[in-house]
Every structure is written in structure tokens, then in C-alpha cells.
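One structure below.
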Amino acid sequence: MKRTISPMALLFASVSAILGSGWLFSAFLTAKIAGPAALIAWIIGGLLMMGIAFIFAELCAMIPVTGSSTRIPQFTHGTVVSFLFAWMIWIAYLSFSPTEVQAVLQYSSFYFPGLVHPHGGLTGRGYIAAAVLMIFISCLNTYSLRWLIRSNNFLTLMKIIIPLILTITILILFFHPHSLTHPAHSKFMPYGWHGVFGALATGGIVFAFNGFKQAAEMAGEAKNPNKALPFAIIGSVTICLIIFLLLEMSFLSSLVPNNLSLGWHHIHLSNNNSPLAAILKTDNLSIIIPLLYIGAIVAPLAAALMYCGSASRSLYAMSRNGYLPKFFQDVTAQGNPLYAILFNFIIGMFMFAPLPGWGKMVAFLTSLIAITYAVGPICLLTLRHQLPDYKRPFKLPIATIWGYIAFLICTLLAYWSGWQIIYKMDIGIGMGFVVLFCYHFFTKRGREMQLNWKASIWIWPYFIGLSILSYLGTYGGGKHILTDASELVIMAIFCAAILWLAVVYSLPKDKIAQDIETGLSKHELLL
């Protein structure tokens with residue numbers, strides 16, 4: 001991999017991934033779940049993501065390797081832990097590109113109705129269009145990262161400018177504190193904190209902010225990563241939080257009594273599949289609907305470009321760790337993982353048919369994303385404990401407290417998605433185990449892997465315990481045996497115990513140090 005990406009390009013990569021299809025739907029979904037308190041949910045979500053972003057800023061500046069989310073857990077906890085998190089990261093990234101392409105086609109149907117069915121599924125023409133877009137995205141990622149970044153910079157500028165024009169126009173014409181909070185129709189927080197926390201997990205907030213990790217995944221290709229990574233990760237969350245707050249405020253300000261006649265859970269718009277377009281029609285601003293649809297096509301397409309790159313780098317990193325065949329490490333003359341991109345294209349095309357609605361897909365991905373974030377605090381505290389004197393260009397204060405709070409937040413975000421999502425995630429994790437064991441026992445290269453069972457002791461009570469608590473809890477199909485207060489207390493104790501196990505049962509410090517130096521030196525040979 002070549003270090004060719006500037007700090008500003010890294011920032012734009014993360015901003016582009018954050019401003020995908022989320023800005024088109026999340027204001028609507030969070031309002032349905034939390035009412036006007038969706039504003040609080042966005043602020044909390046932005047602050048939580050910022051705290052998690054700082055964790056990855058230290059890790060990726062300390063160990064700037066491509067596919068950092070996969071490689072760093074390998075250094076600290078070995079094969080089983082690293083593979084499981086790598087597996088979940090890959091599934092998430094692989095799912096994002098088809099989801100964003102589907103969003104492009106859904107909004108393109110404004111001009112080309114034959115692309116989607118009324119319920120949102122793709123028609124025959126839609127599948128052909130999806131294939132064309134997926135081929136275009138894959139080719140751009142394969143041909144040249146430089147062209148990808150150049151295209152992304154232009155698209156990202158459009159993705160920032162268009163939402164700002166839309167929101168500022170609406171707010172100038174219609175903003176009033178009473179129209180924002182709708183006191184005549186409901187309380188500011190109609191569903192309490194339960195609604196706020198639910199909006200974080202299932203309203204698309206975590207999904208929307210996920211893109212900050214794009215910079216982390218490209219750490220090995222960044223110029224001056226020590227400064228570029230904190231700048232890109234933290235800056236992207238800040239910029240996009242401002243945009244999402246403006247979007248939520250403009251959406252809430254545009255609602256009229258008829259929209260709320262059945263309550264916030266049943267907000268009625270002229271077209272719930274395209275909420276922002278419906279709002280513009282309600283506000284008699286149809287003249288700027290074409291601008292919205294330009295953004296609705298550009299934003300998901302640019303995000304799909306970035307997630308295609310991240311998914312291929314996840315496969316590349318898994319192959320470098322010895323989990324998958326070596327051909328996934330083959331790169332083009334421009335330094336892009338050719339076969340990984342091709343494989344993801346094939347699997348991605350199969351994912352169009354079974355994809356559920358955007359909201360349900362977001363809920364599943366949020367749970368998956370939050371769990372993959374959880375490995376960050378674990379790696380941070382493990383490295384602080386095992387390698388306290390290692391050079392850290394970006395170093396967090398009070399790391400133990402910061403790491404614990406971040407780990408608790410990540411676990412709660414997954415928990416708030418609900419039992420109906422958690423059990424599906426468990427099925428996905430089980431499939432990952434099957435792949436790992438089959439590769440280990442039935443291939444020559446796989447038999448050479450050391451699974452590092454001792455370093456994975458903590459992961460079994462973590463997933464089992466989270467599933468049990470979710471089943472007993474009050475979110476998404478849980479049995480409501482636990483109360484809201486008891487959930488938080490039990491989860492705080494549970495996360496402290498798991499975090500302690502994970503740090504104590506890590507790999508020996510000498511092996512961690514040796515593997516990091518070996519990984520960095522091998523990485524430098526590719527530059």
C-alpha cells in the first residue's frame with residue numbers, strides 16, 4: 001500500500017461515508033421513535049461517537065496499518081477474537097455498498113419509475129441498474145485510489161452543500177420554537193428516555209455516524225498518519241453532527257397537525273418512502289425537490305464508493321492475518337486489492353434480493369457496528385497495560401475511565417437495538433465460527449494458524465451475556481423482565497467484568513510488541 005492520502009482527503013473520505021443515505025431518512029425515523037427529543041438523541045449520539053472516535057484515533061496513530069480494525073485485535077488477542085470482529089466488520093461493510101446503491105435507485109425512481117416496485121424492491125430493470133452501479137464502483141476502486149479520492153472530494157462537497165441549502169431554506173421560512181417542539185400536540189419527550197435510547201440504536205444515528213472509521217481503515221495509506229488520523233476522525237463527526245441537527249430541526253419545523261394526528265410513532269406524510277421530498281411538498285417548496293434528488297443520488301453513491309474500498313481492505317487484512325487464502329492480498333499496480341474487490345462485488349450482488357426495508361437494515365447494521373466498536377476500548381486498555389511505554393503520537397487522558405465508558409456505550413448501543421436484532425447477530429457470529437473452523441481444519445494454510453484460545457476467554461461470556469440480557473430486557477422483543485434502571489446497573493457491572501477479563505487474558509506483552517513491529521515492518525515493505 002502506498003501512502004498517498006492527505007489529511008484533508010481522509011477527512012473527506014469519512015464525511016462522505018457518514019453523509020450517505022442516512023441524512024435522507026434518519027430525521028424521519030428518529031422523530032417517529034423519540035418525537036422532538038430526537039434532537040437530544042442526535043446530540044448524545046454525536047458526543048458518544050466522538051468519544052469512540054478518540055479511542056480509534058489513538059490506536060490508529062499508534063499502529064497505522066491498513067485494515068486497522070482487523071489487524072490491531074490480532075496483535076492484542078490473537079486469531080479467534082480478531083477473526084470474529086473482522087468477520088462482523090466485513091459483513092457490515094459488505095452490506096453498506098448494496099444498501100447505498102439501493103438507496104440511489106430508490107431515489108432515481110423519481111425520474112425512472114421502472115426501477116423499483118411500490119414497496120421499494122428492485123424490478124428487473126432495477127437489478128440491471130444495480131449491477132451497472134456496482135461494476136462502476138468496483139472499477140473505480142480497482143483502477144486507482146487516487147481517482148477514487150478525487151471523485152469522492154467532489155461528491156462530498158455536493159453532499160455538504162445540498163443538505164445545507166435545503167435545511168437553511170426551510171429554517172429561514174418556517175422555524176419557530178413552537179413548530180420545532182409541537183407543545184400543542186405532545187410533550188417534548190413523549191416516549192421518555194426509552195425513546196431517546198431507542199432512536200440512537202434503531203433510528204439510524206449510529207448508522208449515520210459510522211463513516212468516521214473510514215479514515216481508520218485507510219491508516220496505512222495516509223500521509224503523516226500521526227496528525228492526519230485524529231484530524232480526520234474527530235473532524236468528520238463534528239461537521240456531520242451540525243448537518244444532522246439542522247436536518248432534524250428543519251424536519252420537525254415542517255410538520256403540521258395533520259402529520260401528527262396518529263401520534264409520533266405514526267407520522268403520516270404524503271410519501272413516507274421519501275420523507276424529505278414529502279416535507280418540501282408540504283412546505284410548498286417543490287421548486288427545490290430536484291436539488292434534493294440530486295443529493296439523494298450523489299450522497300449514497302459516494303458512500304458506496306468508500307464502503308467498497310473498506311470492505312475490500314477488510315478482506316485484505318483478514319488474508320494478511322492468515323484467516324483467508326493469500327490471493328486476497330494481491331494488489332494492482334496502483335496498490336488496490338483486486339480479488340478482494342471482485343469477490344465483494346459478487347457477494348454484494350446476491351445481497352440485493354433479501355435486503356429488508358431501510359429501517360430494519362439500519363437496526364441490524366447498528367448492532368453489528370456497535371459491537372465492532374467495542375473491540376477498540378479493549379485493544380486500547382490492553383496496549384496501555386501491556387505496552388505502557390510504546391510511542392503514542394496521540395494519547396488520551398484518563399484512558400482507563402475513557403476506555404470503560406466507551407466499552408459500556410458500545411455494548412449499550414447494541415443492546416438498545418433489541419432482542420429481535422441481537423439474535424440475528426448471534427446467527428451471523430455463528431456463521432463466522434463455521435468459516436473459521438472449516439478454514440483451520442481443512443486447508444494447509446489454515447492449519448498453520450494458532451487460534452489463541454486463552455486470549456479469547458472473555459469473548460464467550462460477552463456474547464452470551466449480552467444475548468441473555470437482551471432477551472430479558474425491554475427493547476425490541478425482549479421479555480420486559482428487567483426494568484430500565486436495572487438494565488443500566490447490570491450492564492455497567494457486566495461491562496466492567498468483561499473488560500477486566502479481556503485485559504488480563506490478552507496475549508503476552510513480548511508477543512504483542514513483536515507482532516506489532518513485524519506487522520509494521522511488513523507493511524512498510526509494500527510502500
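Just remember, in the C-alpha cells the first chain shown is A, the second B, etc., residues are 1-based per chain, and ligands are 1-based in the order shown.
For Ile89 in chain A, the residues within 7 Å (counting only C-alpha atoms, excluding itself and residues fewer than 4 positions away along the chain) are Phe85, Tyr93 and Thr372 of chain A.
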Alpha helix (DSSP H) positions in range 152-366 of chain A, given as a PyMOL selection string: chain A and resi 152-174+177-181+192-202+205-209+213-217+225-254+275-282+289-320+338-350+358-366
d(CA of Lys32 in chain A, CA of Leu246 in chain A) in Å: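 These two atoms are separated by 17.1 Å.
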Per residue of range 15-100 of chain A within 7 Å of range 310-320 of chain A, what are the shortest atom pair and its distance in Å to one decimal, counting only C-alpha atoms, with rows by chain and residue number, as a Markdown table?
```
| residue | atom | partner | partner_atom | distance |
| --- | --- | --- | --- | --- |
| A:Gly67 | CA | A:Ala317 | CA | 5.3 |
| A:Thr70 | CA | A:Ala317 | CA | 6.3 |
| A:Arg71 | CA | A:Ala317 | CA | 6.4 |
| A:Ala86 | CA | A:Met318 | CA | 6.9 |
| A:Trp90 | CA | A:Ala311 | CA | 5.7 |
| A:Tyr93 | CA | A:Ala311 | CA | 5.0 |
| A:Leu94 | CA | A:Ala311 | CA | 5.5 |
```
Counting only C-alpha atoms, the residue of A:Ala27, A:Ile233, A:Ile464, A:Ile43 that sits nearest Ala61 in chain A: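 The closest residue to Ala61 in chain A is A:Ile233.
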With the cut-off set at 10 Å and counting only C-alpha atoms, tabulate each residue of range 259-357 of chain A with an atom at most that distance from an atom of range 122-132 of chain A, showing the nearest atom pair and its distance in Å to one decimal, ordered by chain and increasing number, as a tab-separated table.
```
residue	atom	partner	partner_atom	distance
A:Phe345	CA	A:Ala131	CA	9.0
A:Ile346	CA	A:Ala131	CA	9.8
A:Gly348	CA	A:Ala131	CA	9.6
A:Met349	CA	A:Ala131	CA	7.0
A:Phe352	CA	A:Leu122	CA	8.0
A:Ala353	CA	A:Leu122	CA	8.0
```
Atomic distance CA of Phe96 in chain A - CA of Cys139 in chain A, expressed in Å with one decimal: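 A separation of 17.2 Å between them.
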7 Å contact set for range 276-285 of chain A, only C-alpha atoms, chain neighbours under 5 positions out, as a PyMOL selection string: chain A and resi 24+254+269-271
Among listed residues A:Leu140, A:Met449, A:Ala232, A:Ala31, nearest Leu324 in chain A (using only C-alpha atoms): A:Met449
Shell around range 395-397 of chain A at 9 Å using only C-alpha atoms, local window under 4 positions removed, as JSON, numbers by chain: {"A": [54, 55, 57, 58, 59, 62, 401, 402]}
Restrict the selected residues to C-alpha atoms and save them as a compact mmCIF listing (two decimals), in the first residue's frame.
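Heads up, here's the output in out_28.txt:
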```
# COMPACT_ATOMS: atom_id res chain seq x y z
CA PHE A 54 -10.89 9.35 20.15
CA ILE A 55 -10.26 5.68 21.02
CA ALA A 57 -7.57 7.99 16.88
CA GLU A 58 -5.02 6.81 19.47
CA LEU A 59 -5.00 3.22 18.20
CA MET A 62 -0.03 4.30 17.25
CA ILE A 401 -12.08 5.62 32.58
CA TRP A 402 -12.37 6.67 28.94
```
Can you check which parts of range 220-265 of chain A lie within 7 Å of range 162-173 of chain A? Per residue, the shortest pair of atoms and distance in Å to one decimal, counting only C-alpha atoms, sorted by chain and number, as a Markdown table.
```
| residue | atom | partner | partner_atom | distance |
| --- | --- | --- | --- | --- |
| A:Ile243 | CA | A:Leu164 | CA | 7.0 |
| A:Leu246 | CA | A:Thr167 | CA | 6.0 |
| A:Leu247 | CA | A:Thr167 | CA | 5.7 |
| A:Ser250 | CA | A:Thr167 | CA | 5.6 |
```
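If you count only C-alpha atoms and ignore residues fewer than 5 places along the chain from Leu383 in chain A, what sits within 10 Å of it is Leu59, Ile72, Phe75, Thr76, Pro377, Ile378, Pro388, Asp389, Tyr390, Val503, Ser506, Lys509, Ile512 and Ala513 of chain A.
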Create the file for the chosen residues now, containing N, CA, C and O atoms and written as a compact mmCIF listing (two decimals), in the first residue's frame.
```txt
# COMPACT_ATOMS: atom_id res chain seq x y z
N LEU A 59 -5.41 4.53 18.70
CA LEU A 59 -5.00 3.22 18.20
C LEU A 59 -4.38 3.32 16.81
O LEU A 59 -3.32 2.73 16.54
N ILE A 72 -5.33 -4.81 14.46
CA ILE A 72 -4.96 -4.50 15.84
C ILE A 72 -5.48 -5.53 16.83
O ILE A 72 -4.75 -5.95 17.74
N PHE A 75 -3.09 -8.37 17.03
CA PHE A 75 -1.90 -8.11 17.82
C PHE A 75 -2.14 -8.31 19.31
O PHE A 75 -1.26 -8.77 20.03
N THR A 76 -3.34 -7.96 19.80
CA THR A 76 -3.59 -7.97 21.25
C THR A 76 -4.22 -9.26 21.75
O THR A 76 -3.95 -9.68 22.88
N PRO A 377 -11.98 -0.03 22.61
CA PRO A 377 -11.59 0.19 24.00
C PRO A 377 -10.81 -0.98 24.60
O PRO A 377 -9.90 -0.79 25.39
N ILE A 378 -11.17 -2.21 24.21
CA ILE A 378 -10.46 -3.38 24.72
C ILE A 378 -9.00 -3.37 24.26
O ILE A 378 -8.08 -3.58 25.05
N PRO A 388 3.01 0.01 28.10
CA PRO A 388 2.77 1.38 28.58
C PRO A 388 3.74 2.41 28.02
O PRO A 388 3.41 3.60 27.95
N ASP A 389 4.93 1.98 27.63
CA ASP A 389 5.96 2.94 27.17
C ASP A 389 6.05 3.02 25.65
O ASP A 389 6.95 3.69 25.12
N TYR A 390 5.15 2.36 24.94
CA TYR A 390 5.19 2.39 23.48
C TYR A 390 4.85 3.80 22.99
O TYR A 390 4.04 4.51 23.59
N VAL A 503 -8.56 -7.61 29.34
CA VAL A 503 -7.21 -7.06 29.54
C VAL A 503 -6.30 -8.11 30.18
O VAL A 503 -5.14 -8.27 29.77
N SER A 506 -5.11 -11.24 27.69
CA SER A 506 -4.61 -10.86 26.38
C SER A 506 -3.35 -11.68 26.08
O SER A 506 -2.90 -12.48 26.91
N LYS A 509 2.95 -9.64 26.62
CA LYS A 509 3.40 -8.35 26.12
C LYS A 509 4.54 -8.47 25.11
O LYS A 509 4.62 -7.68 24.16
N ILE A 512 2.99 -9.34 21.81
CA ILE A 512 2.28 -8.18 21.25
C ILE A 512 3.26 -7.22 20.61
O ILE A 512 3.07 -6.78 19.47
N ALA A 513 4.34 -6.89 21.33
CA ALA A 513 5.33 -5.95 20.81
C ALA A 513 5.99 -6.49 19.55
O ALA A 513 6.17 -5.76 18.56
```
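Each of A:Gly235, A:Leu381, A:Tyr111, A:Phe154 was compared to Ile289 in chain A using only C-alpha atoms, and A:Tyr111 turns out to be the nearest.
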Counting only C-alpha atoms, the residue of A:Phe25, A:Thr202, A:Gly263, A:Ala9 that sits nearest Pro190 in chain A: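 Between A:Phe25, A:Thr202, A:Gly263, A:Ala9, the residue approaching Pro190 in chain A most closely is A:Gly263.
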Pairwise distance for CA of Ser97 in chain A and CA of Tyr439 in chain A, rounded to one decimal in Å: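 CA of Tyr439 in chain A lies at a distance of 26.3 Å from CA of Ser97 in chain A.
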